[in-house]
Amino acid sequence: MTLQAKKSYKTLRLILGDQLNASHSWFKQQDEQTLYLIAELHQETCYTVHHRQKIAAFFAAMQQLAFALQTAGHQVAHLTLDDTKPFKELPALLVHLIENYGIQRFEYQLPDEYRLRKQLASFSEPLPLNSAAYSTEHFYLPDEEIGKYFQASKSHRLENFYRKMRLRFDVLMDKDVPLGGKWNYDTNNRNKLKADDLANVPTPLLFSNDVTNILERIDKHKISTIGHADTQLLWPVNRKQATQLLSFFCEQCLPRFGQFQDSMTGKLSLLGKDNGWSLYHSRISFALNAKIISPQYVVKTAIEAFERSEGRIDISQIEGFVRQIIGWREFIRGVYWANMPDYASLNALEAKRQLPSWFWTGDTKMNCLRHAIKQSLDYAYAHHIQRLMVTGNFCLLAGIDPTLVDDWYLGIYIDAIEWVEMPNTRGMSQFADGGIVGSKAYAASGNYINKMSDYCSNCIYKVNKTTEDEACPLNSLYWHFMDKHQHKIGNNPRTKMVFSSWLKKSEQQRIEVLNKAKHCLDDIESL
């Protein structure tokens, strides 16, 4: 669509790229006097360096919603990067459309990113016409209720919040008692994939969405990107595809999801299978975070699959999945809005190191990091343990500046929108918030990687060595981290035992470990 005025409209309604909820009450009625704006924005492609698949997926999904709304009889201005090129930022585009179409009222859905919410509030306030902000009608917890559960700078714990959500929304409950008698089955869900398990890992359901024109636009407008993207995008970009992927998950993956949700493997590619990146995960996070599909629908569908499975899906599998959505996803959002904008600058551990250049290539000798990073570059995806305990753990141990870590995670993952990315990264992963999200720093040596994956067996480094030349760098870096931050985290009941073990080592042993860690940090680009 060109930006030439063809007629006048009374109301302009803005739909952002992560507000693709076709079931929103806005669309219940058609109105010839209401124009819906769905626009590829230059400001949204450039606030960080995004993965090519991420930009392509959002643009393709926006195009799908625009077509669906037009087909349903709504008036839609779907603008591409070609159309919005003259407008560096969103407000300039909005001013142009308001003037061009004689708009009398401007409406938008509340953005889920602080910068966009602030930008649109600042734009709307002085407008010489009526304006209003609406709920996205997506989350379990309404915006106005976040303050009842979360307070700024206060430590919050998932388990308490999760139980309240289960009770409030009657999810996996038998009256006031959790189904199965326990709230949490996480201890059942920490299994490593053994050799005999690999053959049973399902081949992922992939889509073939033609994004040739979108990739050409990205290149034409010289948008900086990272990662690889084929012209056939594998991610779901409309509700039909999202529900297909959810159904596939419930049938093929959910029966063993919880059991292997923390597992990692590099062996499937050696067996000629390209499913080691997906394993038993749902991969619906992009569709969820773009609001193509609702969390209520996801939870309802998964629970219905559990109920009719006749025992094939046990309680620990479904509980682990439900906890990620009704628990963790809603919890992280609450932490974000209770603490922004200050949260974005928290750096409790005073980490200042630069991100190694191999985070952009995967060219490192550490097999776990090479595998996780290359997978992220290839698919714009890694599951939660790869993010937390591989790439995140390394950044924590190495003392990488959390703002740089934030930018990397925000750019590389297809599902990364700031409200969900930042508390997971700056909080849970990097402990930069000092414990608002997590009760401890999630630091780990190579032993954890060896426990949950098969990466170590094919690595040049030896996971059972600490100070030797061939020692796994994570081992000395772990002790270096614990020693350096003893005054900040040493009194935590969950780490006291670790510190006592460290202090039992002789002074000479501790010196050797710390010297090895210093060598790794000095030589970080060559690890």
# chains A, B, ... in the order shown; residues from 1 in each chain; ligands from 1

$ residues_around --residues "Ala302 of chain A" --least-positions-apart "5" --cutoff "12 Å" --atoms "only C-alpha atoms" --output "ChimeraX atom specification"
/A:171-172,243,245-255,257,282,295-297,307-309,313-315,317-323,325

$ write_last_selection --atoms "N, CA, C and O atoms" --output "short mmCIF file (atom, residue, chain, number, x, y, z; two decimals), in the first residue's frame"
data_model
loop_
_atom_site.label_atom_id
_atom_site.label_comp_id
_atom_site.auth_asym_id
_atom_site.auth_seq_id
_atom_site.Cartn_x
_atom_site.Cartn_y
_atom_site.Cartn_z
N VAL A 171 -5.97 -24.27 37.28
CA VAL A 171 -5.17 -25.02 36.32
C VAL A 171 -4.50 -26.20 37.02
O VAL A 171 -3.76 -26.02 37.99
N LEU A 172 -4.79 -27.41 36.54
CA LEU A 172 -4.26 -28.64 37.14
C LEU A 172 -4.56 -28.70 38.64
O LEU A 172 -3.68 -29.01 39.45
N THR A 243 -1.26 -23.56 15.72
CA THR A 243 -2.06 -24.62 16.33
C THR A 243 -1.60 -26.00 15.83
O THR A 243 -1.64 -26.98 16.58
N LEU A 245 1.52 -26.75 15.14
CA LEU A 245 2.75 -27.02 15.89
C LEU A 245 2.43 -27.43 17.32
O LEU A 245 3.06 -28.33 17.88
N LEU A 246 1.43 -26.79 17.92
CA LEU A 246 1.02 -27.15 19.27
C LEU A 246 0.46 -28.57 19.29
O LEU A 246 0.77 -29.35 20.21
N SER A 247 -0.35 -28.92 18.32
CA SER A 247 -0.92 -30.27 18.25
C SER A 247 0.19 -31.31 18.08
O SER A 247 0.16 -32.38 18.71
N PHE A 248 1.17 -30.99 17.25
CA PHE A 248 2.32 -31.89 17.06
C PHE A 248 3.06 -32.09 18.38
O PHE A 248 3.43 -33.21 18.75
N PHE A 249 3.26 -30.99 19.11
CA PHE A 249 3.94 -31.08 20.41
C PHE A 249 3.17 -31.98 21.37
O PHE A 249 3.75 -32.86 22.02
N CYS A 250 1.87 -31.77 21.46
CA CYS A 250 1.06 -32.54 22.40
C CYS A 250 1.08 -34.03 22.07
O CYS A 250 1.09 -34.88 22.97
N GLU A 251 1.10 -34.35 20.79
CA GLU A 251 1.05 -35.75 20.37
C GLU A 251 2.43 -36.41 20.41
O GLU A 251 2.59 -37.53 20.91
N GLN A 252 3.45 -35.71 19.89
CA GLN A 252 4.75 -36.34 19.69
C GLN A 252 5.78 -36.03 20.79
O GLN A 252 6.68 -36.85 21.01
N CYS A 253 5.66 -34.90 21.43
CA CYS A 253 6.72 -34.45 22.34
C CYS A 253 6.33 -34.42 23.81
O CYS A 253 7.15 -34.74 24.68
N LEU A 254 5.10 -34.03 24.10
CA LEU A 254 4.67 -33.87 25.48
C LEU A 254 4.82 -35.14 26.33
O LEU A 254 5.16 -35.06 27.52
N PRO A 255 4.61 -36.34 25.76
CA PRO A 255 4.77 -37.54 26.58
C PRO A 255 6.15 -37.69 27.23
O PRO A 255 6.28 -38.38 28.24
N PHE A 257 8.32 -34.73 27.33
CA PHE A 257 8.84 -33.37 27.43
C PHE A 257 9.51 -33.11 28.78
O PHE A 257 10.67 -32.71 28.86
N SER A 282 8.42 -27.53 22.57
CA SER A 282 7.24 -27.16 21.79
C SER A 282 7.58 -26.20 20.65
O SER A 282 6.92 -26.19 19.62
N PRO A 295 -1.68 -17.90 25.51
CA PRO A 295 -1.24 -18.85 26.54
C PRO A 295 -2.40 -19.67 27.10
O PRO A 295 -2.22 -20.84 27.44
N GLN A 296 -3.57 -19.07 27.18
CA GLN A 296 -4.74 -19.81 27.67
C GLN A 296 -5.08 -20.99 26.74
O GLN A 296 -5.38 -22.09 27.20
N TYR A 297 -5.01 -20.74 25.44
CA TYR A 297 -5.29 -21.80 24.48
C TYR A 297 -4.22 -22.89 24.54
O TYR A 297 -4.53 -24.09 24.46
N GLU A 307 -5.28 -35.23 29.56
CA GLU A 307 -6.46 -35.90 30.12
C GLU A 307 -6.94 -37.06 29.25
O GLU A 307 -7.49 -38.04 29.77
N ARG A 308 -6.74 -36.98 27.96
CA ARG A 308 -7.22 -38.06 27.10
C ARG A 308 -6.11 -39.06 26.73
O ARG A 308 -6.32 -39.97 25.93
N SER A 309 -4.93 -38.88 27.30
CA SER A 309 -3.79 -39.71 26.91
C SER A 309 -3.79 -41.09 27.56
O SER A 309 -2.97 -41.94 27.19
N ILE A 313 0.81 -39.60 28.86
CA ILE A 313 1.41 -38.37 29.36
C ILE A 313 1.18 -38.35 30.87
O ILE A 313 0.03 -38.32 31.32
N ASP A 314 2.25 -38.42 31.66
CA ASP A 314 2.04 -38.42 33.10
C ASP A 314 2.07 -37.00 33.66
O ASP A 314 2.36 -36.04 32.96
N ILE A 315 1.74 -36.88 34.93
CA ILE A 315 1.56 -35.57 35.56
C ILE A 315 2.83 -34.73 35.52
O ILE A 315 2.77 -33.51 35.39
N GLN A 317 5.07 -34.54 33.22
CA GLN A 317 5.29 -33.95 31.89
C GLN A 317 4.42 -32.70 31.71
O GLN A 317 4.91 -31.64 31.32
N ILE A 318 3.14 -32.84 32.00
CA ILE A 318 2.23 -31.71 31.79
C ILE A 318 2.49 -30.60 32.79
O ILE A 318 2.43 -29.42 32.44
N GLU A 319 2.81 -30.95 34.04
CA GLU A 319 3.07 -29.91 35.04
C GLU A 319 4.30 -29.09 34.65
O GLU A 319 4.30 -27.87 34.78
N GLY A 320 5.34 -29.76 34.17
CA GLY A 320 6.54 -29.03 33.77
C GLY A 320 6.27 -28.05 32.64
O GLY A 320 6.81 -26.94 32.62
N PHE A 321 5.40 -28.43 31.70
CA PHE A 321 5.07 -27.56 30.59
C PHE A 321 4.20 -26.39 31.04
O PHE A 321 4.45 -25.23 30.70
N VAL A 322 3.16 -26.70 31.82
CA VAL A 322 2.27 -25.66 32.31
C VAL A 322 3.03 -24.63 33.15
O VAL A 322 2.78 -23.43 33.06
N ARG A 323 3.99 -25.10 33.96
CA ARG A 323 4.77 -24.19 34.81
C ARG A 323 5.55 -23.17 33.98
O ARG A 323 5.69 -22.02 34.37
N ILE A 325 4.60 -21.78 31.27
CA ILE A 325 3.72 -20.78 30.67
C ILE A 325 2.95 -19.98 31.71
O ILE A 325 3.07 -18.75 31.79
#

$ select_by_dssp --residues "segment 171-373 of chain A" --states "strand (DSSP E)" --output "ChimeraX atom specification"
/A:173-174,177-178,209-210,225-226,232-233

$ atom_distance --atom1 "atom CA of Gln29 of chain A" --atom2 "atom CA of Ala72 of chain A"
9.7 Å

$ residues_around --residues "Lys182 of chain A" --least-positions-apart "4" --cutoff "12 Å" --atoms "only C-alpha atoms" --output "list in words"
Arg163, Leu172, Met173, Asp174, Asp176, Val177, Pro178, Asp186, Thr187, Asn188, Ile315, Ser316, Glu319 and Gly320 of chain A

$ closest_residue --among "A:Gln386, A:Ser269, A:Gln430, A:Gln119" --to "Pro402 of chain A" --atoms "only C-alpha atoms"
A:Gln430

$ closest_atom_pairs --of "segment 416-457 of chain A" --to "segment 151-158 of chain A" --cutoff "12 Å" --atoms "only C-alpha atoms" --output "CSV"
residue,atom,partner,partner_atom,distance
A:Pro423,CA,A:His156,CA,11.9
A:Gly427,CA,A:Ser155,CA,10.8
A:Met428,CA,A:Arg157,CA,11.2
A:Phe431,CA,A:Ser155,CA,11.9
A:Asp433,CA,A:Ser153,CA,8.5
A:Gly434,CA,A:Ser155,CA,8.7
A:Gly435,CA,A:Ser155,CA,6.0
A:Ile436,CA,A:Ser155,CA,3.9
A:Val437,CA,A:His156,CA,6.0
A:Gly438,CA,A:Arg157,CA,7.1
A:Ser439,CA,A:Arg157,CA,7.5
A:Lys440,CA,A:Ser155,CA,11.1

$ write_last_selection --atoms "C-alpha atoms" --output "tab-separated table (two decimals), in the first residue's frame"
chain	number	residue	atom	x	y	z
A	423	PRO	CA	14.64	-10.67	33.30
A	427	GLY	CA	18.18	-11.60	36.19
A	428	MET	CA	18.07	-15.38	36.06
A	431	PHE	CA	22.37	-12.44	38.53
A	433	ASP	CA	19.66	-7.92	39.50
A	434	GLY	CA	21.16	-9.17	42.76
A	435	GLY	CA	18.46	-11.78	43.35
A	436	ILE	CA	15.16	-10.22	42.28
A	437	VAL	CA	14.47	-13.17	39.96
A	438	GLY	CA	16.65	-16.00	41.24
A	439	SER	CA	17.54	-17.10	44.75
A	440	LYS	CA	21.14	-17.77	43.71

$ closest_residue --among "A:Val513, A:Ala242, A:Ile293, A:Ala305" --to "Glu137 of chain A" --atoms "only C-alpha atoms"
A:Ile293

$ residues_around --residues "Ala290 of chain A" --least-positions-apart "6" --cutoff "8 Å" --atoms "only C-alpha atoms" --output "PyMOL selection string"
chain A and resi 17-21+58+415

$ write_last_selection --atoms "all heavy atoms" --output "tab-separated table (two decimals), in the first residue's frame"
chain	number	residue	atom	x	y	z
A	17	GLY	N	4.20	-5.37	15.84
A	17	GLY	CA	4.60	-6.69	15.34
A	17	GLY	C	4.45	-7.82	16.32
A	17	GLY	O	4.43	-9.00	15.92
A	18	ASP	N	4.35	-7.52	17.63
A	18	ASP	CA	4.14	-8.58	18.61
A	18	ASP	C	2.73	-8.49	19.20
A	18	ASP	O	2.49	-8.95	20.32
A	18	ASP	CB	5.19	-8.51	19.73
A	18	ASP	CG	5.09	-7.25	20.56
A	18	ASP	OD1	4.50	-6.26	20.07
A	18	ASP	OD2	5.61	-7.23	21.69
A	19	GLN	N	1.80	-7.93	18.41
A	19	GLN	CA	0.40	-7.81	18.84
A	19	GLN	C	-0.53	-8.45	17.80
A	19	GLN	O	-1.55	-7.88	17.44
A	19	GLN	CB	0.05	-6.34	19.06
A	19	GLN	CG	0.85	-5.69	20.19
A	19	GLN	CD	0.56	-4.21	20.35
A	19	GLN	OE1	0.03	-3.56	19.44
A	19	GLN	NE2	0.92	-3.66	21.50
A	20	LEU	N	-0.16	-9.64	17.35
A	20	LEU	CA	-0.85	-10.26	16.21
A	20	LEU	C	-1.97	-11.19	16.65
A	20	LEU	O	-2.13	-12.30	16.16
A	20	LEU	CB	0.18	-11.00	15.35
A	20	LEU	CG	1.41	-10.15	14.95
A	20	LEU	CD1	2.35	-10.95	14.08
A	20	LEU	CD2	0.99	-8.86	14.26
A	21	ASN	N	-2.76	-10.69	17.60
A	21	ASN	CA	-3.87	-11.45	18.17
A	21	ASN	C	-5.13	-11.24	17.35
A	21	ASN	O	-5.86	-10.26	17.52
A	21	ASN	CB	-4.09	-11.00	19.62
A	21	ASN	CG	-5.28	-11.66	20.28
A	21	ASN	OD1	-5.85	-12.60	19.74
A	21	ASN	ND2	-5.67	-11.15	21.44
A	58	PHE	N	8.73	-12.09	12.02
A	58	PHE	CA	7.80	-11.04	12.44
A	58	PHE	C	7.14	-10.38	11.24
A	58	PHE	O	5.92	-10.17	11.22
A	58	PHE	CB	8.52	-10.00	13.31
A	58	PHE	CG	8.56	-10.36	14.76
A	58	PHE	CD1	9.71	-10.88	15.34
A	58	PHE	CD2	7.44	-10.20	15.56
A	58	PHE	CE1	9.75	-11.23	16.67
A	58	PHE	CE2	7.46	-10.54	16.91
A	58	PHE	CZ	8.62	-11.06	17.46
A	415	ASP	N	12.27	-15.60	19.58
A	415	ASP	CA	11.21	-15.30	20.54
A	415	ASP	C	11.58	-14.17	21.50
A	415	ASP	O	10.84	-13.89	22.45
A	415	ASP	CB	10.87	-16.55	21.35
A	415	ASP	CG	12.11	-17.19	22.00
A	415	ASP	OD1	13.16	-16.52	22.09
A	415	ASP	OD2	12.01	-18.36	22.41

$ select_by_dssp --residues "segment 223-294 of chain A" --states "helix (DSSP H, G or I)" --output "count of residues only"
31

$ closest_atom_pairs --of "segment 63-149 of chain A" --to "segment 336-344 of chain A" --cutoff "9 Å" --atoms "only C-alpha atoms" --output "Markdown table"
| residue | atom | partner | partner_atom | distance |
| --- | --- | --- | --- | --- |
| A:Asp112 | CA | A:Trp337 | CA | 8.8 |
| A:Glu113 | CA | A:Trp337 | CA | 8.9 |
| A:Tyr114 | CA | A:Met340 | CA | 7.1 |
| A:Arg115 | CA | A:Pro341 | CA | 8.7 |
| A:Asp143 | CA | A:Trp337 | CA | 8.8 |
| A:Ile146 | CA | A:Ala338 | CA | 7.4 |
| A:Gly147 | CA | A:Ala338 | CA | 6.9 |

$ closest_residue --among "A:Ile460, A:Met389, A:Met165, A:Leu116" --to "Phe331 of chain A" --atoms "only C-alpha atoms"
A:Met165

$ atom_distance --atom1 "atom CA of Leu37 of chain A" --atom2 "atom CA of Ile15 of chain A"
5.9 Å

$ residues_around --residues "Ser429 of chain A" --least-positions-apart "4" --cutoff "7 Å" --atoms "only C-alpha atoms" --output "ChimeraX atom specification"
/A:388,392-393,424-425,442

$ atom_distance --atom1 "atom CA of Ala229 of chain A" --atom2 "atom CA of Asp378 of chain A"
7.5 Å

$ closest_residue --among "A:Arg283, A:Lys504, A:Arg117, A:Arg239" --to "Ser23 of chain A" --atoms "only C-alpha atoms"
A:Arg239

$ residues_around --residues "Leu110 of chain A" --least-positions-apart "5" --cutoff "6 Å" --atoms "only C-alpha atoms" --output "list of chain:residue names"
A:Ala133, A:Tyr134, A:Ser135

$ closest_residue --among "A:Ser263, A:Lys291, A:Met422, A:Asn160" --to "Pro111 of chain A" --atoms "only C-alpha atoms"
A:Lys291

$ residues_around --residues "segment 492-500 of chain A" --least-positions-apart "3" --cutoff "8 Å" --atoms "only C-alpha atoms" --output "PDB file with C-alpha atoms, in the first residue's frame"
ATOM      1  CA  LYS A 440      21.135 -17.772  43.711  1.00  0.00           C
ATOM      2  CA  MET A 482      32.873 -18.126  43.445  1.00  0.00           C
ATOM      3  CA  ASP A 483      36.068 -16.789  44.997  1.00  0.00           C
ATOM      4  CA  GLN A 486      32.207 -14.675  47.983  1.00  0.00           C
ATOM      5  CA  ILE A 489      26.838 -14.612  47.492  1.00  0.00           C
ATOM      6  CA  LEU A 503      38.152 -23.250  51.475  1.00  0.00           C
ATOM      7  CA  LYS A 504      39.102 -26.863  52.180  1.00  0.00           C
TER       8      LYS A 504
END

$ closest_residue --among "A:Ile98, A:Ala132, A:Ile226, A:Leu35" --to "Lys374 of chain A" --atoms "only C-alpha atoms"
A:Ile226

$ decode --residues "segment 218-237 of chain A" --atoms "N, CA and C atoms" --output "JSON list (two decimals), in the first residue's frame"
[["chain", "number", "residue", "atom", "x", "y", "z"],
["A", 218, "ILE", "N", 15.12, -6.68, 3.44],
["A", 218, "ILE", "CA", 16.11, -6.52, 4.51],
["A", 218, "ILE", "C", 17.46, -6.10, 3.91],
["A", 219, "ASP", "N", 17.85, -6.77, 2.83],
["A", 219, "ASP", "CA", 19.13, -6.45, 2.19],
["A", 219, "ASP", "C", 19.07, -5.10, 1.47],
["A", 220, "LYS", "N", 17.96, -4.85, 0.81],
["A", 220, "LYS", "CA", 17.80, -3.59, 0.07],
["A", 220, "LYS", "C", 17.95, -2.39, 0.99],
["A", 221, "HIS", "N", 17.42, -2.50, 2.21],
["A", 221, "HIS", "CA", 17.46, -1.37, 3.15],
["A", 221, "HIS", "C", 18.66, -1.43, 4.08],
["A", 222, "LYS", "N", 19.60, -2.35, 3.74],
["A", 222, "LYS", "CA", 20.87, -2.46, 4.47],
["A", 222, "LYS", "C", 20.67, -2.62, 5.99],
["A", 223, "ILE", "N", 19.72, -3.49, 6.34],
["A", 223, "ILE", "CA", 19.47, -3.80, 7.75],
["A", 223, "ILE", "C", 20.54, -4.78, 8.23],
["A", 224, "SER", "N", 21.28, -4.43, 9.25],
["A", 224, "SER", "CA", 22.30, -5.32, 9.80],
["A", 224, "SER", "C", 21.61, -6.49, 10.50],
["A", 225, "THR", "N", 22.07, -7.70, 10.21],
["A", 225, "THR", "CA", 21.49, -8.89, 10.83],
["A", 225, "THR", "C", 22.60, -9.86, 11.21],
["A", 226, "ILE", "N", 22.22, -10.88, 11.99],
["A", 226, "ILE", "CA", 23.11, -11.98, 12.31],
["A", 226, "ILE", "C", 22.41, -13.28, 11.95],
["A", 227, "GLY", "N", 23.18, -14.35, 11.87],
["A", 227, "GLY", "CA", 22.59, -15.66, 11.65],
["A", 227, "GLY", "C", 22.24, -15.95, 10.21],
["A", 228, "HIS", "N", 21.70, -17.12, 10.01],
["A", 228, "HIS", "CA", 21.38, -17.63, 8.68],
["A", 228, "HIS", "C", 19.86, -17.70, 8.49],
["A", 229, "ALA", "N", 19.39, -17.43, 7.28],
["A", 229, "ALA", "CA", 17.96, -17.56, 6.97],
["A", 229, "ALA", "C", 17.79, -18.09, 5.55],
["A", 230, "ASP", "N", 17.02, -19.16, 5.42],
["A", 230, "ASP", "CA", 16.64, -19.66, 4.10],
["A", 230, "ASP", "C", 15.41, -18.89, 3.61],
["A", 231, "THR", "N", 15.16, -18.99, 2.31],
["A", 231, "THR", "CA", 13.98, -18.32, 1.76],
["A", 231, "THR", "C", 12.69, -19.00, 2.23],
["A", 232, "GLN", "N", 12.80, -20.25, 2.68],
["A", 232, "GLN", "CA", 11.65, -20.97, 3.23],
["A", 232, "GLN", "C", 11.76, -20.99, 4.75],
["A", 233, "LEU", "N", 10.99, -20.16, 5.42],
["A", 233, "LEU", "CA", 11.08, -20.01, 6.86],
["A", 233, "LEU", "C", 10.37, -21.16, 7.57],
["A", 234, "LEU", "N", 11.04, -21.78, 8.54],
["A", 234, "LEU", "CA", 10.50, -22.97, 9.19],
["A", 234, "LEU", "C", 9.53, -22.68, 10.33],
["A", 235, "TRP", "N", 9.44, -21.39, 10.76],
["A", 235, "TRP", "CA", 8.64, -21.04, 11.93],
["A", 235, "TRP", "C", 7.18, -20.75, 11.56],
["A", 236, "PRO", "N", 6.24, -20.98, 12.49],
["A", 236, "PRO", "CA", 4.82, -20.69, 12.22],
["A", 236, "PRO", "C", 4.57, -19.19, 12.16],
["A", 237, "VAL", "N", 3.82, -18.73, 11.17],
["A", 237, "VAL", "CA", 3.59, -17.30, 11.02],
["A", 237, "VAL", "C", 2.10, -16.94, 11.00]]
